[in-house]
Amino acid sequence: MNDVGNSFRGVGNTIIDYIPNVLGALLLLLIAWIVATIVRAIFTKGLKKAGADRAMVKGHMAKTKEDADSKLDSIGKILYYLIFILFIPSVLQALDMNNVAQPISNMMDKLLAFLPNLFMAIIIVVIGYFVAKFVKNLVFSLLTAINIDKWFNKFTNRTGGASTGTARMDTGDKSTLANVLANVVFVIVLIPILTIALETLNIRSISEPIVNMLNQVLNMIPNIFVAIILILVGVLIAKFIGDLLISLLNGTGINRFSTYLNPDKTKTPSFDIANIIGKVVQAIIIIFFTVEAMNVLQLDVLNGIGEAIIGYLPLLISSLIILGLGLIGGSVLGNYIKQASGNRFLGAIVKYAIIIIAVFMTLDQLNFATNIVNLAFLFIIAGLAVAFAISFGIGGREFAKRQLEKLEAKMDKENNKPNL
C-alpha cells in the first residue's frame with residue numbers, strides 16, 4: 001500500500017509542479033492573442049481610416065473599394081496568425097517540450113531573419129511599380145502631345161484610334177501606338193526593379209535563375225527596339241514602293257489584261273492587276289525586313305525560320321508568275337481559238353487545258369507533294385487522251401467526219417483566195 005500511495009503522491013506532485021508551466025503557457029497564448037488582435041486592428045482599421053483602400057484603387061492594386069478592404073482584411077488575418085506562430089516556440093518551452101520547440105524555434109529564427117529581406121523586397125517592388133507607372137504616364141503624355149498615333153495612322157492608312165493630348169490611358173484605345181510604347185517603357189523600367197527585389201531576398205536557388213533570365217531580357221531589349229524599328233521602316237518603305245509601283249502600272253494600262261480573265265465580258269473585272277502586283281511587292285519587302293529583324297534578335301529558331309522564308313520566296317514568286325501567265329495565256333489563246341474556229345467548245349478546251357497545266361506547274365514549282373502532283377497530272381492527261389480516243393473512235397465518228405469536212409472546206413476556201 002505504501003508503494004501505491006507513494007506513486008499517487010509522485011503523480012500529484014508532478015501535476016502540481018507542472019501547473020506553473022501550464023499557467024505560463026496560457027499566459028503566453030493570452031498575450032499572443034492580445035498582440036495579434038491589436039496588430040490586426042491597427043493594420044486593417046488604421047489603414048482603412050488613413051485611406052489606404054482608396055489609394056489601392058487609384059494605384060490599380062484593387063478594382064473597387066470593397067475589393068481593397070477585402071485584401072486588407074486578408075493581410076490582417078495573415079499577420080494575426082503569424083504572430084500566433086511566433087509565440088508557439090515560447091509556449092512549447094514553457095511546457096518543457098524543448099525537443100518539439102527546438103525545430104520550430106530554428107524555423108522561426110530563419111523566418112524572422114528572412115522577414116526584413118521580404119519586407120524590403122516588397123517595398124522595392126511597390127516603389128518601383130509606382131515609379132514605372134509614373135514614367136509610363138509621362139511617356140504616354142509626351143507621345144500623345146506630339147500626335148504620334150496620327151502620324152502612324154497617316155503612314156499606315158489606319159482609320160481611327162488616334163489619341164489626343166487629353167486622352168487618358170485608362171479609358172483610351174489600348175491598341176494605339178502611344179499606349180503600346182508606354183506599356184513597353186513600363187515593362188523596361190519594372191524589369192531591373194524586379195531584379196533588385198529578387199536579389200534582396202537573398203535566396204540564390206530561386207533568385208539566380210530568375211535574375212539571369214531578366215538580365216537576358218534586358219540585354220535583348222536594344223535588339224528588340226532595333227527589330228521593331230526595322231519592321232516599322234520596312235512597312236513605310238513597302239507602302240511607298242507599293243503605291244509608286246501601282247501608280248506606274250496603272251499608267252502602263254496593265255489592267256486591260258484583266259478583261260481576259262473575266263468570264264463575263266459585259267461586267268467590269270472585279271480585280272485590279274496593278275493593285276495585286278503592288279501588294280505582292282509590298283508584302284515581299286515587309287517579309288525581307290521582318291526576316292532581318294529576326295536576325296537582329298539573334299535567336300536560332302527565328303534565324304532558321306527567316307532563312308527558310310527567304311529561301312522559299314523565289315519559288316513562291318516564280319509560281320505566282322507561272323500561274324498568272326497561265327491564266328492570262330489560257331484566256332487569250334482560248335478566245336483566239338474560239339474566234340478563229342467559231343467553236344466555243346474547242347476554245348474552252350484549250351483555255352482550261354492551259355490553266356490546268358499552269359496549276360500543276362505551279363504546284364510542282366512550290367515543291368508541293370511533287371511526286372503526287374506529277375502522277376496526278378499524268379493520270380489526268382492519260383485519262384483525257386483515252387476518253388477522247390474512245391469517244392471519237394466509237395461514239396463520235398460521224399461528228400469527227402463532219403468536223404474534218406468543215407476543216408477541209410475551210411482550207412480549200414483559203415487556198416482558192418487570190419494572192420494580193
# chains A, B, ... in the order shown; residues from 1 in each chain; ligands from 1
>>> residues_around(residues="segment 293-303 of chain A", least_positions_apart="6", cutoff="9 Å", atoms="only C-alpha atoms", output="count of residues only")
9
>>> closest_atom_pairs(of="segment 192-226 of chain A", to="segment 106-117 of chain A", cutoff="9 Å", atoms="only C-alpha atoms", output="Markdown table")
| residue | atom | partner | partner_atom | distance |
| --- | --- | --- | --- | --- |
| A:Ala197 | CA | A:Asn117 | CA | 8.9 |
| A:Thr200 | CA | A:Asn117 | CA | 5.9 |
| A:Leu201 | CA | A:Asn117 | CA | 5.1 |
| A:Asn202 | CA | A:Asn117 | CA | 7.6 |
>>> closest_residue(among="A:Leu244, A:Val125, A:Ala358, A:Val180", to="Leu194 of chain A", atoms="only C-alpha atoms")
A:Val125
>>> residues_around(residues="segment 39-42 of chain A", least_positions_apart="6", cutoff="12 Å", atoms="only C-alpha atoms", output="list in words")
Ala32, Trp33, Lys48, Lys49, Ala50, Leu72, Asp73, Ser74, Ile75, Gly76, Lys77, Ile78, Leu79, Tyr80, Tyr81, Leu82, Ile83 and Phe84 of chain A
>>> write_last_selection(atoms="all heavy atoms", output="short mmCIF file (atom, residue, chain, number, x, y, z; two decimals), in the first residue's frame")
data_model
loop_
_atom_site.label_atom_id
_atom_site.label_comp_id
_atom_site.auth_asym_id
_atom_site.auth_seq_id
_atom_site.Cartn_x
_atom_site.Cartn_y
_atom_site.Cartn_z
N ALA A 32 -0.27 36.52 -26.79
CA ALA A 32 -0.23 36.39 -28.26
C ALA A 32 -1.55 36.81 -28.87
O ALA A 32 -1.59 37.51 -29.90
CB ALA A 32 0.11 34.94 -28.65
N TRP A 33 -2.66 36.40 -28.25
CA TRP A 33 -3.98 36.78 -28.78
C TRP A 33 -4.17 38.29 -28.72
O TRP A 33 -4.68 38.91 -29.68
CB TRP A 33 -5.06 36.06 -27.98
CG TRP A 33 -6.45 36.46 -28.40
CD1 TRP A 33 -7.12 36.04 -29.50
CD2 TRP A 33 -7.30 37.39 -27.73
NE1 TRP A 33 -8.36 36.64 -29.57
CE2 TRP A 33 -8.50 37.48 -28.49
CE3 TRP A 33 -7.18 38.15 -26.56
CZ2 TRP A 33 -9.56 38.30 -28.11
CZ3 TRP A 33 -8.24 38.96 -26.19
CH2 TRP A 33 -9.42 39.03 -26.96
N LYS A 48 -7.45 51.58 -43.25
CA LYS A 48 -8.69 51.99 -43.90
C LYS A 48 -9.03 53.45 -43.58
O LYS A 48 -9.45 54.21 -44.45
CB LYS A 48 -9.82 51.07 -43.47
CG LYS A 48 -9.75 49.67 -44.06
CD LYS A 48 -10.89 48.79 -43.56
CE LYS A 48 -10.75 47.36 -44.08
NZ LYS A 48 -11.84 46.49 -43.55
N LYS A 49 -8.85 53.82 -42.31
CA LYS A 49 -9.12 55.20 -41.93
C LYS A 49 -8.13 56.16 -42.58
O LYS A 49 -8.46 57.32 -42.86
CB LYS A 49 -9.07 55.33 -40.41
CG LYS A 49 -10.25 54.67 -39.71
CD LYS A 49 -10.18 54.88 -38.19
CE LYS A 49 -11.38 54.24 -37.50
NZ LYS A 49 -11.32 54.41 -36.03
N ALA A 50 -6.90 55.67 -42.81
CA ALA A 50 -5.90 56.52 -43.45
C ALA A 50 -6.11 56.63 -44.96
O ALA A 50 -5.40 57.38 -45.63
CB ALA A 50 -4.50 55.98 -43.17
N LEU A 72 -7.10 44.03 -47.57
CA LEU A 72 -6.52 44.48 -46.29
C LEU A 72 -6.92 43.54 -45.16
O LEU A 72 -6.11 43.22 -44.28
CB LEU A 72 -6.97 45.91 -46.01
CG LEU A 72 -6.39 47.01 -46.91
CD1 LEU A 72 -7.01 48.36 -46.57
CD2 LEU A 72 -4.87 47.08 -46.76
N ASP A 73 -8.18 43.08 -45.17
CA ASP A 73 -8.62 42.13 -44.15
C ASP A 73 -7.86 40.81 -44.24
O ASP A 73 -7.49 40.22 -43.21
CB ASP A 73 -10.12 41.87 -44.28
CG ASP A 73 -10.96 43.09 -43.93
OD1 ASP A 73 -10.45 43.95 -43.16
OD2 ASP A 73 -12.10 43.20 -44.42
N SER A 74 -7.60 40.36 -45.47
CA SER A 74 -6.85 39.11 -45.65
C SER A 74 -5.42 39.25 -45.14
O SER A 74 -4.90 38.35 -44.46
CB SER A 74 -6.84 38.72 -47.13
OG SER A 74 -8.15 38.51 -47.61
N ILE A 75 -4.77 40.37 -45.43
CA ILE A 75 -3.42 40.60 -44.93
C ILE A 75 -3.42 40.70 -43.41
O ILE A 75 -2.52 40.21 -42.71
CB ILE A 75 -2.82 41.87 -45.57
CG1 ILE A 75 -2.71 41.69 -47.08
CG2 ILE A 75 -1.44 42.17 -44.98
CD1 ILE A 75 -2.27 42.94 -47.81
N GLY A 76 -4.48 41.33 -42.83
CA GLY A 76 -4.59 41.42 -41.37
C GLY A 76 -4.70 40.04 -40.73
O GLY A 76 -4.09 39.77 -39.69
N LYS A 77 -5.48 39.12 -41.36
CA LYS A 77 -5.58 37.76 -40.84
C LYS A 77 -4.24 37.04 -40.92
O LYS A 77 -3.88 36.27 -40.00
CB LYS A 77 -6.64 36.99 -41.63
CG LYS A 77 -8.06 37.43 -41.35
CD LYS A 77 -9.05 36.61 -42.17
CE LYS A 77 -10.48 37.06 -41.89
NZ LYS A 77 -11.47 36.29 -42.69
N ILE A 78 -3.51 37.27 -42.00
CA ILE A 78 -2.19 36.63 -42.12
C ILE A 78 -1.28 37.09 -40.99
O ILE A 78 -0.58 36.28 -40.35
CB ILE A 78 -1.58 36.96 -43.50
CG1 ILE A 78 -2.39 36.28 -44.61
CG2 ILE A 78 -0.12 36.51 -43.56
CD1 ILE A 78 -1.98 36.68 -46.00
N LEU A 79 -1.28 38.40 -40.72
CA LEU A 79 -0.46 38.91 -39.61
C LEU A 79 -0.94 38.36 -38.27
O LEU A 79 -0.13 38.06 -37.38
CB LEU A 79 -0.51 40.44 -39.61
CG LEU A 79 0.15 41.15 -40.80
CD1 LEU A 79 -0.09 42.65 -40.71
CD2 LEU A 79 1.64 40.85 -40.84
N TYR A 80 -2.25 38.20 -38.11
CA TYR A 80 -2.83 37.67 -36.87
C TYR A 80 -2.29 36.27 -36.59
O TYR A 80 -1.79 35.99 -35.49
CB TYR A 80 -4.35 37.68 -37.01
CG TYR A 80 -5.10 37.12 -35.83
CD1 TYR A 80 -5.37 37.91 -34.73
CD2 TYR A 80 -5.55 35.80 -35.85
CE1 TYR A 80 -6.08 37.40 -33.64
CE2 TYR A 80 -6.25 35.28 -34.77
CZ TYR A 80 -6.51 36.07 -33.68
OH TYR A 80 -7.20 35.55 -32.60
N TYR A 81 -2.38 35.40 -37.60
CA TYR A 81 -1.91 34.02 -37.39
C TYR A 81 -0.39 33.94 -37.35
O TYR A 81 0.18 33.06 -36.68
CB TYR A 81 -2.45 33.11 -38.49
CG TYR A 81 -3.95 32.92 -38.40
CD1 TYR A 81 -4.80 33.42 -39.37
CD2 TYR A 81 -4.52 32.23 -37.33
CE1 TYR A 81 -6.17 33.25 -39.29
CE2 TYR A 81 -5.89 32.05 -37.23
CZ TYR A 81 -6.72 32.57 -38.21
OH TYR A 81 -8.06 32.41 -38.11
N LEU A 82 0.30 34.86 -38.02
CA LEU A 82 1.75 34.87 -37.98
C LEU A 82 2.26 35.18 -36.57
O LEU A 82 3.24 34.58 -36.10
CB LEU A 82 2.29 35.90 -38.98
CG LEU A 82 3.81 36.00 -39.11
CD1 LEU A 82 4.40 34.68 -39.58
CD2 LEU A 82 4.20 37.12 -40.06
N ILE A 83 1.59 36.08 -35.89
CA ILE A 83 2.00 36.41 -34.51
C ILE A 83 1.78 35.20 -33.60
O ILE A 83 2.62 34.90 -32.73
CB ILE A 83 1.22 37.64 -34.02
CG1 ILE A 83 1.70 38.88 -34.78
CG2 ILE A 83 1.41 37.85 -32.51
CD1 ILE A 83 0.90 40.12 -34.51
N PHE A 84 0.68 34.48 -33.79
CA PHE A 84 0.47 33.26 -33.01
C PHE A 84 1.60 32.25 -33.27
O PHE A 84 2.09 31.60 -32.34
CB PHE A 84 -0.88 32.64 -33.38
CG PHE A 84 -1.98 33.04 -32.45
CD1 PHE A 84 -2.94 33.95 -32.84
CD2 PHE A 84 -2.06 32.51 -31.16
CE1 PHE A 84 -3.96 34.34 -31.98
CE2 PHE A 84 -3.08 32.88 -30.29
CZ PHE A 84 -4.03 33.80 -30.70
#
>>> select_by_dssp(residues="segment 62-295 of chain A", states="helix (DSSP H, G or I)", output="PyMOL selection string")
chain A and resi 65-94+98-145+148-156+177-201+204-252+254-261+273-295
>>> residues_around(residues="Ala182 of chain A", least_positions_apart="3", cutoff="6 Å", atoms="only C-alpha atoms", output="list in words")
Lys136, Val139, Phe140, Asn179 and Val185 of chain A
>>> residues_around(residues="Leu315 of chain A", least_positions_apart="2", cutoff="10 Å", atoms="only C-alpha atoms", output="ChimeraX atom specification")
/A:310-313,317-321,362,364-367
>>> write_last_selection(atoms="C-alpha atoms", output="PDB file, in the first residue's frame")
ATOM      1  CA  ILE A 310      13.916  33.803 -97.757  1.00  0.00           C
ATOM      2  CA  GLY A 311      14.830  30.501 -99.413  1.00  0.00           C
ATOM      3  CA  TYR A 312      11.201  29.819-100.314  1.00  0.00           C
ATOM      4  CA  LEU A 313      10.418  33.282-101.671  1.00  0.00           C
ATOM      5  CA  ILE A 317       7.351  34.405-106.812  1.00  0.00           C
ATOM      6  CA  SER A 318       8.067  32.164-109.808  1.00  0.00           C
ATOM      7  CA  SER A 319       4.946  30.126-109.001  1.00  0.00           C
ATOM      8  CA  LEU A 320       2.793  33.248-108.969  1.00  0.00           C
ATOM      9  CA  ILE A 321       4.299  34.323-112.299  1.00  0.00           C
ATOM     10  CA  THR A 362       2.723  25.992-110.023  1.00  0.00           C
ATOM     11  CA  ASP A 364       5.463  21.486-108.847  1.00  0.00           C
ATOM     12  CA  GLN A 365       7.379  24.767-108.551  1.00  0.00           C
ATOM     13  CA  LEU A 366       6.211  25.113-104.944  1.00  0.00           C
ATOM     14  CA  ASN A 367       7.544  21.611-104.217  1.00  0.00           C
TER      15      ASN A 367
END
>>> closest_residue(among="A:Ser90, A:Ile284, A:Leu95, A:Leu378", to="Pro314 of chain A", atoms="only C-alpha atoms")
A:Ile284
>>> residues_around(residues="Ala376 of chain A", least_positions_apart="6", cutoff="12 Å", atoms="only C-alpha atoms", output="PyMOL selection string")
chain A and resi 356-357+359-361+363-364+369-370+382-383
>>> atom_distance(atom1="atom CA of Lys65 of chain A", atom2="atom CA of Ile193 of chain A")
27.8 Å
>>> closest_residue(among="A:Ile191, A:Ala36, A:Leu142, A:Ala353", to="Gly329 of chain A", atoms="only C-alpha atoms")
A:Ala353
>>> atom_distance(atom1="atom CA of Val350 of chain A", atom2="atom CA of Ile328 of chain A")
12.5 Å
>>> atom_distance(atom1="atom CA of Asp243 of chain A", atom2="atom CA of Leu323 of chain A")
23.6 Å
>>> residues_around(residues="Ile148 of chain A", least_positions_apart="4", cutoff="8 Å", atoms="only C-alpha atoms", output="PDB file with N, CA and C atoms, in the first residue's frame")
ATOM      1  N   LEU A 143       3.922  61.254 -75.947  1.00  0.00           N
ATOM      2  CA  LEU A 143       3.597  60.703 -77.266  1.00  0.00           C
ATOM      3  C   LEU A 143       2.271  61.237 -77.782  1.00  0.00           C
ATOM      4  N   THR A 144       1.303  61.390 -76.888  1.00  0.00           N
ATOM      5  CA  THR A 144       0.023  61.959 -77.341  1.00  0.00           C
ATOM      6  C   THR A 144       0.147  63.441 -77.644  1.00  0.00           C
ATOM      7  N   PHE A 152       1.326  57.901 -87.293  1.00  0.00           N
ATOM      8  CA  PHE A 152       1.399  56.462 -87.591  1.00  0.00           C
ATOM      9  C   PHE A 152       0.214  56.021 -88.444  1.00  0.00           C
ATOM     10  N   LEU A 177      -0.621  53.266 -80.738  1.00  0.00           N
ATOM     11  CA  LEU A 177       0.832  53.158 -80.671  1.00  0.00           C
ATOM     12  C   LEU A 177       1.369  53.812 -79.411  1.00  0.00           C
ATOM     13  N   ALA A 178       0.791  54.941 -79.000  1.00  0.00           N
ATOM     14  CA  ALA A 178       1.247  55.614 -77.779  1.00  0.00           C
ATOM     15  C   ALA A 178       1.066  54.723 -76.562  1.00  0.00           C
TER      16      ALA A 178
END
